[in-house]
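These notes concern the structure reproduced below.
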Amino acid sequence: MKDNILKTKSYKFALRMVKLFQYLSNDKKEFVLSKQVLRSGTSVGANIEEAYQGESKADFIHKLAIANKEAFETHYWLRLLRDSDLFESKIADSLLVDCDELQKNPGRVNQNSKSAKMRSER
């Protein structure tokens with residue numbers, strides 16, 4: 001069975017978010033922003049997983065749209081944490097690059113699915 005790159009990348013990103021949460025809460029004693037980034041960052045992958053189990057093409061598109069929104073929210077929290085000097089810029093920048101990639105991928109899949117849906121409805 002062929003690996004789904006989007007599912008794999010989003011899962012690895014979620015693991016990084018869990019580790020970031022552990023670092024921020026254990027070492028920095030930061031509990032509010034760390035929970036926000038944990039929730040949105042792990043939600044990206046959860047919604048992508050759910051999209052691939054969608055009951056219809058519309059359900060698939062909707063779940064990917066939610067994943068995309070969660071990626072944008074995560075990007076916001078990561079920038080805020082970085083700019084608050086709660087963790088190293090080098091790590092933040094690496095996470096932001098991964099997040100950027102996740103923002104683009106569900107959007108592309110979503111856009112392609114919407115185009116295919118519109119063509120089939122004609």
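How things are named: the first chain in the structure tokens is A, the next is B, and so on; residues count from 1 in each chain; ligands count from 1 in the order shown.
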
Excluding same-chain residues fewer than 5 positions from Glu88 in chain A, what lies within 12 Å of it counting only C-alpha atoms, as a list in words?
Leu20, Tyr23, Leu24, Lys28, Leu78, Arg79, Leu81, Arg82, Asp83, Asp93, Ser94 and Leu95 of chain A

Preceding selection exported with N, CA and C atoms as a PDB file, in the first residue's frame:
```
ATOM      1  N   LEU A  20       6.855  19.926  21.434  1.00  0.00           N
ATOM      2  CA  LEU A  20       6.924  21.359  21.744  1.00  0.00           C
ATOM      3  C   LEU A  20       6.098  21.659  22.991  1.00  0.00           C
ATOM      4  N   TYR A  23       7.942  20.514  26.052  1.00  0.00           N
ATOM      5  CA  TYR A  23       9.042  21.434  26.358  1.00  0.00           C
ATOM      6  C   TYR A  23       8.517  22.730  26.989  1.00  0.00           C
ATOM      7  N   LEU A  24       7.514  23.322  26.366  1.00  0.00           N
ATOM      8  CA  LEU A  24       6.994  24.592  26.866  1.00  0.00           C
ATOM      9  C   LEU A  24       6.364  24.454  28.247  1.00  0.00           C
ATOM     10  N   LYS A  28       9.549  25.624  30.354  1.00  0.00           N
ATOM     11  CA  LYS A  28       9.254  27.061  30.376  1.00  0.00           C
ATOM     12  C   LYS A  28       8.071  27.408  31.276  1.00  0.00           C
ATOM     13  N   LEU A  78       2.598  29.603  16.528  1.00  0.00           N
ATOM     14  CA  LEU A  78       4.048  29.405  16.452  1.00  0.00           C
ATOM     15  C   LEU A  78       4.788  30.738  16.347  1.00  0.00           C
ATOM     16  N   ARG A  79       4.263  31.642  15.530  1.00  0.00           N
ATOM     17  CA  ARG A  79       4.889  32.966  15.404  1.00  0.00           C
ATOM     18  C   ARG A  79       4.833  33.718  16.736  1.00  0.00           C
ATOM     19  N   LEU A  81       4.633  32.432  19.782  1.00  0.00           N
ATOM     20  CA  LEU A  81       5.582  31.813  20.718  1.00  0.00           C
ATOM     21  C   LEU A  81       7.016  32.202  20.381  1.00  0.00           C
ATOM     22  N   ARG A  82       7.348  32.184  19.101  1.00  0.00           N
ATOM     23  CA  ARG A  82       8.703  32.571  18.672  1.00  0.00           C
ATOM     24  C   ARG A  82       8.996  34.027  19.047  1.00  0.00           C
ATOM     25  N   ASP A  83       8.066  34.902  18.720  1.00  0.00           N
ATOM     26  CA  ASP A  83       8.283  36.328  18.957  1.00  0.00           C
ATOM     27  C   ASP A  83       8.214  36.700  20.441  1.00  0.00           C
ATOM     28  N   ASP A  93      11.519  28.422  13.373  1.00  0.00           N
ATOM     29  CA  ASP A  93      11.563  28.549  11.917  1.00  0.00           C
ATOM     30  C   ASP A  93      11.381  27.199  11.228  1.00  0.00           C
ATOM     31  N   SER A  94      11.962  26.155  11.802  1.00  0.00           N
ATOM     32  CA  SER A  94      11.790  24.805  11.249  1.00  0.00           C
ATOM     33  C   SER A  94      10.326  24.367  11.322  1.00  0.00           C
ATOM     34  N   LEU A  95       9.688  24.636  12.462  1.00  0.00           N
ATOM     35  CA  LEU A  95       8.268  24.295  12.619  1.00  0.00           C
ATOM     36  C   LEU A  95       7.399  25.119  11.675  1.00  0.00           C
TER      37      LEU A  95
END
```

Which polymer residues have any atom within 8 Å of an atom of Ser34 in chain A, counting only C-alpha atoms, with same-chain residues fewer than 2 positions away left out, as a list of chain:residue names?
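My reading of the contact set: A:Leu20, A:Phe21, A:Leu24, A:Ser25, A:Glu30, A:Phe31, A:Val32, A:Gln36, A:Val37, A:Leu38.
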
From a DSSP calculation on the backbone, collect every residue of chain A in alpha helix (DSSP H) and output the set as a PyMOL selection string.
chain A and resi 5-26+32-51+57-83+89-121

Give me, as a PyMOL selection string, all polymer residues having an atom no more than 7 Å from Leu102 in chain A, counting only C-alpha atoms and skipping those fewer than 3 positions away in the same chain.
chain A and resi 10+71+98-99+105-106

Convert the current residue selection to file output with C-alpha atoms, as a tab-separated table (two decimals), in the first residue's frame.
```
chain	number	residue	atom	x	y	z
A	10	SER	CA	0.79	15.89	9.22
A	71	ALA	CA	-2.67	24.93	9.90
A	98	ASP	CA	6.66	22.48	8.10
A	99	CYS	CA	3.47	24.35	8.91
A	105	ASN	CA	-0.89	20.81	0.64
A	106	PRO	CA	-4.47	20.51	1.97
```

Just to confirm, what's the straight-line distance from CA of Lys104 in chain A to CA of Ala65 in chain A in Å (one decimal)?
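These two atoms are separated by 11.1 Å.
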
All residues 10 Å or closer to Lys69 in chain A, only C-alpha atoms, same chain fewer than 5 positions away omitted, as JSON, numbers by chain
{"A": [40, 43, 44, 63, 64, 74, 75, 103, 106, 107]}

Selection above as a file: N, CA and C atoms, as a CSV table (one decimal), in the first residue's frame:
```
chain,number,residue,atom,x,y,z
A,40,SER,N,-4.3,23.1,18.0
A,40,SER,CA,-4.4,23.4,16.5
A,40,SER,C,-3.4,22.5,15.7
A,43,SER,N,-4.6,19.0,15.5
A,43,SER,CA,-5.9,19.0,14.8
A,43,SER,C,-5.7,18.9,13.2
A,44,VAL,N,-4.6,19.4,12.7
A,44,VAL,CA,-4.3,19.4,11.3
A,44,VAL,C,-4.4,18.0,10.8
A,63,LYS,N,-13.4,18.5,5.4
A,63,LYS,CA,-12.4,18.2,6.4
A,63,LYS,C,-11.1,18.7,6.0
A,64,LEU,N,-10.7,18.7,4.7
A,64,LEU,CA,-9.4,19.3,4.3
A,64,LEU,C,-9.4,20.8,4.5
A,74,THR,N,-2.3,27.4,13.6
A,74,THR,CA,-1.0,26.9,14.2
A,74,THR,C,0.1,27.8,13.9
A,75,HIS,N,0.1,28.2,12.6
A,75,HIS,CA,1.2,29.2,12.2
A,75,HIS,C,1.2,30.4,13.0
A,103,GLN,N,0.0,24.0,5.2
A,103,GLN,CA,-1.0,25.0,4.7
A,103,GLN,C,-1.2,24.8,3.2
A,106,PRO,N,-3.0,20.7,1.9
A,106,PRO,CA,-4.5,20.5,2.0
A,106,PRO,C,-5.2,21.5,1.0
A,107,GLY,N,-4.7,22.7,0.9
A,107,GLY,CA,-5.3,23.7,0.0
A,107,GLY,C,-5.3,23.2,-1.4
```

By how many Å are CA of Ala67 in chain A and CA of Lys9 in chain A apart?
12.7 Å

Contacts of Thr8 in chain A at 12 Å or less, counting only C-alpha atoms, minus same-chain residues fewer than 4 places along, as a list of chain:residue names?
A:Lys2, A:Asp3, A:Asn4, A:Lys12, A:Phe13, A:Ala14, A:Leu15, A:Val44, A:Gly45, A:Ala46, A:Ile48, A:Glu49, A:Leu102
